[in-house]
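A.B. asks: Data file query_12.cif (mmCIF, C-alpha atoms and all ligand atoms) is appended below.
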```cif
data_start
loop_
_atom_site.label_atom_id
_atom_site.label_comp_id
_atom_site.auth_asym_id
_atom_site.auth_seq_id
_atom_site.Cartn_x
_atom_site.Cartn_y
_atom_site.Cartn_z
CA MET A 14 -29.51 1.60 5.26
CA THR A 15 -27.48 2.31 2.16
CA ASP A 16 -27.39 5.38 0.06
CA ALA A 17 -26.41 5.23 -3.62
CA VAL A 18 -25.41 7.59 -6.42
CA ARG A 19 -25.16 6.28 -9.96
CA GLY A 20 -23.38 7.42 -13.09
CA SER A 21 -22.10 6.00 -16.35
CA PHE A 22 -18.88 7.61 -17.50
CA PRO A 23 -16.38 6.19 -18.46
CA ILE A 24 -17.67 3.07 -16.69
CA ARG A 25 -21.07 2.59 -15.13
CA TYR A 26 -20.56 3.23 -11.44
CA ARG A 27 -22.43 3.44 -8.21
CA ILE A 28 -21.32 5.15 -5.06
CA ILE A 29 -22.80 3.33 -2.11
CA ARG A 30 -22.67 4.67 1.42
CA LYS A 31 -22.85 1.92 3.99
CA PRO A 32 -21.99 1.50 7.64
CA VAL A 33 -18.59 -0.07 6.76
CA LYS A 34 -15.25 0.61 8.39
CA HIS A 35 -13.11 0.78 5.27
CA PRO A 36 -13.95 1.83 1.71
CA ARG A 37 -13.74 -0.81 -1.01
CA LEU A 38 -14.17 -1.15 -4.76
CA GLU A 39 -15.99 -4.00 -6.47
CA LEU A 40 -16.74 -4.75 -10.09
CA TRP A 41 -20.29 -6.13 -10.33
CA GLY A 42 -20.89 -7.23 -13.91
CA SER A 43 -19.92 -4.12 -15.82
CA GLU A 44 -20.67 -1.77 -12.94
CA LEU A 45 -18.04 -0.39 -10.63
CA ARG A 46 -19.24 -0.09 -7.05
CA ILE A 47 -17.52 2.36 -4.79
CA ILE A 48 -18.47 1.47 -1.26
CA VAL A 49 -17.65 4.11 1.32
CA PRO A 50 -18.42 4.62 4.99
CA LYS A 51 -21.20 7.09 5.79
CA ASN A 52 -18.83 10.04 6.02
CA GLY A 53 -16.21 8.68 3.58
CA ASN A 54 -14.95 10.53 0.56
CA PRO A 55 -15.59 8.61 -2.69
CA LEU A 56 -13.27 10.91 -4.68
CA ARG A 57 -10.41 9.98 -2.43
CA VAL A 58 -11.13 6.26 -2.92
CA ILE A 59 -11.13 6.82 -6.68
CA ARG A 60 -7.86 8.77 -6.52
CA GLU A 61 -6.13 6.16 -4.41
CA ASN A 62 -7.24 3.29 -6.65
CA ARG A 63 -6.82 4.95 -10.02
CA ARG A 64 -4.67 2.22 -11.52
CA TRP A 65 -7.09 -0.58 -10.56
CA ILE A 66 -10.07 1.42 -11.86
CA ILE A 67 -8.34 2.09 -15.18
CA GLU A 68 -7.65 -1.67 -15.51
CA GLN A 69 -11.33 -2.43 -14.86
CA ILE A 70 -12.46 0.13 -17.43
CA GLU A 71 -10.15 -1.47 -20.00
CA PHE A 72 -11.39 -4.96 -19.03
CA VAL A 73 -15.04 -3.95 -19.48
CA ARG A 74 -14.22 -2.23 -22.79
CA ARG A 75 -12.55 -5.40 -24.13
CA ALA A 76 -15.44 -7.54 -22.85
CA ARG A 77 -17.92 -5.31 -24.69
CA SER A 78 -16.21 -6.02 -27.99
CA VAL A 79 -16.07 -9.77 -27.24
CA ALA A 80 -19.80 -9.65 -26.35
CA ASP A 81 -20.64 -8.93 -29.99
CA ARG A 82 -19.31 -12.29 -31.12
CA VAL A 83 -20.21 -14.70 -28.29
CA LYS A 84 -23.21 -16.94 -28.86
CA LEU A 85 -25.80 -17.91 -26.28
CA ILE A 86 -26.06 -21.69 -26.02
CA PRO A 87 -29.59 -23.14 -26.19
CA ARG A 88 -29.96 -25.57 -23.27
CA THR A 89 -32.96 -26.45 -21.13
CA ARG A 90 -32.95 -25.59 -17.42
CA ARG A 91 -33.20 -29.29 -16.60
CA LYS A 92 -30.13 -30.17 -18.69
CA PHE A 93 -28.26 -27.23 -17.23
CA LYS A 94 -28.94 -28.33 -13.64
CA ALA A 95 -27.84 -31.87 -14.42
CA LEU A 96 -24.66 -30.55 -16.03
CA VAL A 97 -23.82 -28.31 -13.06
CA ARG A 98 -24.36 -31.18 -10.67
CA LYS A 99 -22.21 -33.56 -12.73
CA ILE A 100 -19.34 -31.04 -12.92
CA ALA A 101 -19.58 -30.23 -9.19
CA GLU A 102 -19.37 -33.92 -8.31
CA GLU A 103 -16.44 -34.45 -10.64
CA TYR A 104 -14.47 -31.51 -9.20
CA SER A 105 -15.32 -32.28 -5.59
CA ARG A 106 -13.70 -35.70 -6.09
CA LYS A 107 -10.72 -34.13 -7.79
CA LEU A 108 -10.26 -31.53 -5.04
CA ASN A 109 -11.10 -34.04 -2.33
CA ILE A 110 -13.75 -31.87 -0.65
CA SER A 111 -17.17 -32.74 0.64
CA LEU A 112 -19.90 -31.15 -1.36
CA GLY A 113 -23.22 -30.02 0.11
CA ASP A 114 -26.24 -29.05 -1.99
CA VAL A 115 -25.74 -27.88 -5.55
CA ARG A 116 -28.34 -25.28 -6.48
CA VAL A 117 -29.24 -23.19 -9.48
CA ARG A 118 -31.08 -19.94 -8.99
CA LYS A 119 -31.36 -16.52 -10.50
CA MET A 120 -28.84 -14.06 -9.09
CA LYS A 121 -28.57 -10.42 -9.97
CA SER A 122 -24.94 -9.67 -9.42
CA CYS A 123 -22.72 -12.73 -9.59
CA TRP A 124 -22.26 -16.02 -11.38
CA GLY A 125 -22.11 -18.13 -8.28
CA CYS A 126 -21.62 -18.35 -4.56
CA CYS A 127 -21.01 -20.95 -1.91
CA SER A 128 -21.51 -21.36 1.79
CA LYS A 129 -18.96 -22.54 4.31
CA SER A 130 -21.07 -25.65 4.83
CA GLY A 131 -20.31 -26.73 1.26
CA ASN A 132 -23.44 -25.64 -0.58
CA VAL A 133 -22.79 -24.27 -4.04
CA THR A 134 -25.18 -22.04 -5.96
CA ILE A 135 -24.77 -21.19 -9.63
CA ASN A 136 -26.64 -18.39 -11.35
CA SER A 137 -29.37 -19.78 -13.62
CA GLU A 138 -28.26 -17.31 -16.32
CA ALA A 139 -25.19 -19.50 -16.78
CA GLN A 140 -27.58 -21.85 -18.58
CA TYR A 141 -26.65 -20.01 -21.79
CA LEU A 142 -22.88 -20.36 -21.38
CA PRO A 143 -20.64 -22.84 -23.20
CA GLU A 144 -19.65 -25.84 -21.11
CA ASN A 145 -16.04 -24.77 -20.55
CA LEU A 146 -17.25 -21.58 -18.83
CA ILE A 147 -19.75 -23.49 -16.69
CA ARG A 148 -16.89 -25.79 -15.65
CA TYR A 149 -14.80 -22.77 -14.78
CA LEU A 150 -17.58 -21.22 -12.65
CA VAL A 151 -18.26 -24.40 -10.73
CA TYR A 152 -14.54 -24.99 -10.16
CA HIS A 153 -14.15 -21.42 -8.86
CA GLU A 154 -16.92 -21.91 -6.30
CA LEU A 155 -15.56 -25.27 -5.18
CA CYS A 156 -12.11 -23.76 -4.67
CA HIS A 157 -13.71 -21.39 -2.18
CA LEU A 158 -14.41 -24.43 -0.01
CA ILE A 159 -10.62 -24.78 0.23
CA ARG A 160 -9.72 -21.11 0.27
CA TRP A 161 -12.33 -18.53 1.19
CA ARG A 162 -10.64 -15.39 -0.12
CA HIS A 163 -9.45 -14.49 -3.62
CA ASP A 164 -5.86 -14.49 -2.46
CA ARG A 165 -2.70 -15.78 -4.10
CA VAL A 166 -3.26 -19.39 -2.96
CA PHE A 167 -6.78 -19.30 -4.39
CA ARG A 168 -5.60 -17.86 -7.70
CA GLU A 169 -2.92 -20.54 -7.96
CA LEU A 170 -5.50 -23.26 -7.39
CA ILE A 171 -7.56 -21.82 -10.24
CA ARG A 172 -4.60 -21.39 -12.55
CA LYS A 173 -3.50 -24.99 -12.03
CA ALA A 174 -6.74 -26.27 -13.57
CA PHE A 175 -7.41 -23.31 -15.88
CA PRO A 176 -4.13 -21.78 -17.09
CA ASN A 177 -6.15 -19.59 -19.47
CA CYS A 178 -8.26 -18.11 -16.65
CA GLU A 179 -7.76 -14.48 -17.79
CA GLU A 180 -9.27 -15.33 -21.15
CA LEU A 181 -12.16 -17.14 -19.45
CA GLU A 182 -12.79 -14.17 -17.13
CA LEU A 183 -13.02 -11.92 -20.18
CA GLU A 184 -15.47 -14.27 -21.87
CA LEU A 185 -17.59 -14.47 -18.72
CA GLN A 186 -17.71 -10.71 -18.60
CA ALA A 187 -18.72 -10.65 -22.27
CA TYR A 188 -21.55 -13.11 -21.60
CA TRP A 189 -22.65 -11.02 -18.63
CA ILE A 190 -22.94 -7.99 -20.90
CA LYS A 191 -24.70 -10.01 -23.61
CA LEU A 192 -27.25 -11.45 -21.16
CA ASN A 193 -27.92 -8.00 -19.74
CA GLU A 194 -28.67 -6.74 -23.25
CA LYS A 195 -31.02 -9.68 -23.78
CA ARG A 196 -32.83 -8.80 -20.56
CA LEU A 197 -33.13 -5.18 -21.67
CA GLN A 198 -34.65 -6.26 -24.99
CA ILE A 199 -37.35 -8.32 -23.35
CA GLY A 200 -38.00 -5.59 -20.82
CA GLU A 201 -36.90 -7.29 -17.63
CA PRO A 202 -35.55 -4.99 -14.98
CA VAL A 203 -31.76 -4.86 -14.80
CA SER A 204 -29.86 -3.87 -11.64
ZN ZN B 301 -14.96 -16.12 -5.84
#
```
Take the structure I supplied and represent it as structure tokens, if you would.
C.D. replies:
Amino acid sequence: MTDAVRGSFPIRYRIIRKPVKHPRLELWGSELRIIVPKNGNPLRVIRENRRWIIEQIEFVRRARSVADRVKLIPRTRRKFKALVRKIAEEYSRKLNISLGDVRVRKMKSCWGCCSKSGNVTINSEAQYLPENLIRYLVYHELCHLIRWRHDRVFRELIRKAFPNCEELELELQAYWIKLNEKRLQIGEPVS
């Protein structure tokens, strides 16, 4: 059972109470999630992580302005799947890892995920992204098959292939915002 409170200023946020041991903060799209134990104090989590939160607010603000100028790429689902598969095969050879299934499916809160058995799933919304961002997403997921956590080793692996990863993260965030707007316009539920 989780319990959530939502708000929107100065960043959209959600306070989620869960049976967790330690509080944590996550940025999901342009929403900040403050996850606290059942009797935890969200204000304290905010106070203790002020600097990180301010950085995220600034990141989302910059991404919003980039979102106005990014263009959605027209591409069929079939072509997108073939592209994802081709990139995954290319990078699995490069990284010397064994790749399981490569899947594309709609996901609400992230661009991709992978399982420890080597299966990689990419969000079908990435269909509208330029190829360099799709490459970046697939590479990120494959690196998790080498390093599970987003630690320093993982970040170095990413930076080796994508030295401009900060710029790419900002563009991804901008596309996330843009695609959410598109969904709002056609009346699909967000969240
Ligand atoms: Zn990751």
A.B. asks: Which residues form the shell of 7 Å around ligand ZN 301 (chain B) when you count only C-alpha atoms and all ligand atoms, given as a PyMOL selection string?
C.D. replies: chain A and resi 153-154+157+163
A.B. asks: CA of Glu144 (chain A) and CA of Leu183 (chain A) are how many Å apart?
C.D. replies: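 Here the two named atoms are 15.4 Å from each other.
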A.B. asks: Would you pick out the contacts of region 165-170 of chain A at 12 Å or less, using only C-alpha atoms, so that residues sharing its chain but fewer than 3 positions from it are not included, and give the list as a ChimeraX atom specification?
C.D. replies: /A:108,149,152-162,173-179
A.B. asks: Which residues, written as a list in words, have at least one atom at most 9 Å from Val83 (chain A), with only C-alpha atoms counted and residues fewer than 3 positions away on the same chain left out?
C.D. replies: Val79, Ala80, Glu184, Ala187, Tyr188 and Lys191 of chain A
A.B. asks: Do you have the CA of Ile147 (chain A)-CA of Gly113 (chain A) distance handy?
C.D. replies: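 Answer for the CA of Ile147 (chain A) to CA of Gly113 (chain A) separation: 18.4 Å.
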A.B. asks: Hey, what's within 12 Å of region 87-98 of chain A if we count all atoms listed in the file and toss same-chain stuff fewer than 4 positions away? As a ChimeraX atom specification, please?
C.D. replies: /A:102-105,112-119,125,132-152,154-155
A.B. asks: Could you check how far CA of Asn54 (chain A) sits from CA of Cys123 (chain A), in Å to one decimal?
C.D. replies: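 For CA of Asn54 (chain A) relative to CA of Cys123 (chain A), the distance reads 26.5 Å.
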A.B. asks: Considering all atoms listed in the file, can you say which of A:Asn62, A:Leu85, A:Lys34, A:Pro50 comes closest to Lys195 (chain A)?
C.D. replies: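 Looking only at the distances to Lys195 (chain A), the closest residue turns out to be A:Leu85.
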A.B. asks: Taking the point (-18.5, 3.8, 5.7) as given in the file, collect each protein or nucleic acid residue that comes within 6 Å of it, counting all atoms listed in the file, and present the set as a PyMOL selection string.
C.D. replies: chain A and resi 31-34+49-51+53
A.B. asks: Could you write out as JSON the box around region 71-78 of chain A (axis-aligned, all atoms listed in the file, 6 Å on each side), with centre and edge lengths in Å to one decimal?
C.D. replies:
```
{"center_x": -14.0, "center_y": -4.5, "center_z": -23.5, "size_x": 19.8, "size_y": 18.1, "size_z": 21.0}
```
A.B. asks: Which is closest to Arg63 (chain A) among A:Ala17, A:Leu192, A:Cys126, A:Leu38, if we use only C-alpha atoms?
C.D. replies: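 Checking each of A:Ala17, A:Leu192, A:Cys126, A:Leu38 against Arg63 (chain A), counting only C-alpha atoms, the winner is A:Leu38.
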A.B. asks: Choose the residue, out of A:Ser111, A:Ser43, A:Ala101, A:His35, that has the smallest atom-to-atom separation from Arg75 (chain A); count only C-alpha atoms.
C.D. replies: A:Ser43
A.B. asks: Mind filling out region 180-198 of chain A with N, CA and C atoms and sending it as a compact mmCIF listing (two decimals), in the coordinates of the input?
C.D. replies:
```txt
# COMPACT_ATOMS: atom_id res chain seq x y z
N GLU A 180 -8.43 -15.28 -19.95
CA GLU A 180 -9.27 -15.33 -21.15
C GLU A 180 -10.71 -15.72 -20.79
N LEU A 181 -10.83 -16.68 -19.87
CA LEU A 181 -12.16 -17.14 -19.45
C LEU A 181 -12.91 -16.04 -18.69
N GLU A 182 -12.17 -15.28 -17.87
CA GLU A 182 -12.79 -14.17 -17.13
C GLU A 182 -13.35 -13.13 -18.12
N LEU A 183 -12.59 -12.89 -19.17
CA LEU A 183 -13.02 -11.92 -20.18
C LEU A 183 -14.29 -12.41 -20.89
N GLU A 184 -14.29 -13.71 -21.21
CA GLU A 184 -15.47 -14.27 -21.87
C GLU A 184 -16.69 -14.24 -20.96
N LEU A 185 -16.48 -14.52 -19.68
CA LEU A 185 -17.59 -14.47 -18.72
C LEU A 185 -18.18 -13.07 -18.66
N GLN A 186 -17.28 -12.11 -18.65
CA GLN A 186 -17.71 -10.71 -18.60
C GLN A 186 -18.51 -10.37 -19.86
N ALA A 187 -18.03 -10.89 -20.99
CA ALA A 187 -18.72 -10.65 -22.27
C ALA A 187 -20.12 -11.25 -22.24
N TYR A 188 -20.23 -12.47 -21.71
CA TYR A 188 -21.55 -13.11 -21.60
C TYR A 188 -22.46 -12.33 -20.65
N TRP A 189 -21.86 -11.80 -19.61
CA TRP A 189 -22.65 -11.02 -18.63
C TRP A 189 -23.28 -9.82 -19.35
N ILE A 190 -22.46 -9.16 -20.16
CA ILE A 190 -22.94 -7.99 -20.90
C ILE A 190 -24.03 -8.41 -21.90
N LYS A 191 -23.75 -9.51 -22.62
CA LYS A 191 -24.70 -10.01 -23.61
C LYS A 191 -26.05 -10.37 -22.96
N LEU A 192 -26.01 -11.04 -21.82
CA LEU A 192 -27.25 -11.45 -21.16
C LEU A 192 -28.00 -10.24 -20.60
N ASN A 193 -27.28 -9.23 -20.20
CA ASN A 193 -27.92 -8.00 -19.74
C ASN A 193 -28.64 -7.30 -20.88
N GLU A 194 -28.02 -7.34 -22.07
CA GLU A 194 -28.67 -6.74 -23.25
C GLU A 194 -29.95 -7.50 -23.58
N LYS A 195 -29.87 -8.83 -23.48
CA LYS A 195 -31.02 -9.68 -23.78
C LYS A 195 -32.17 -9.32 -22.83
N ARG A 196 -31.83 -9.14 -21.57
CA ARG A 196 -32.83 -8.80 -20.56
C ARG A 196 -33.47 -7.44 -20.87
N LEU A 197 -32.63 -6.51 -21.33
CA LEU A 197 -33.13 -5.18 -21.67
C LEU A 197 -34.12 -5.27 -22.82
N GLN A 198 -33.78 -6.14 -23.82
CA GLN A 198 -34.65 -6.26 -24.99
C GLN A 198 -36.02 -6.82 -24.64
```
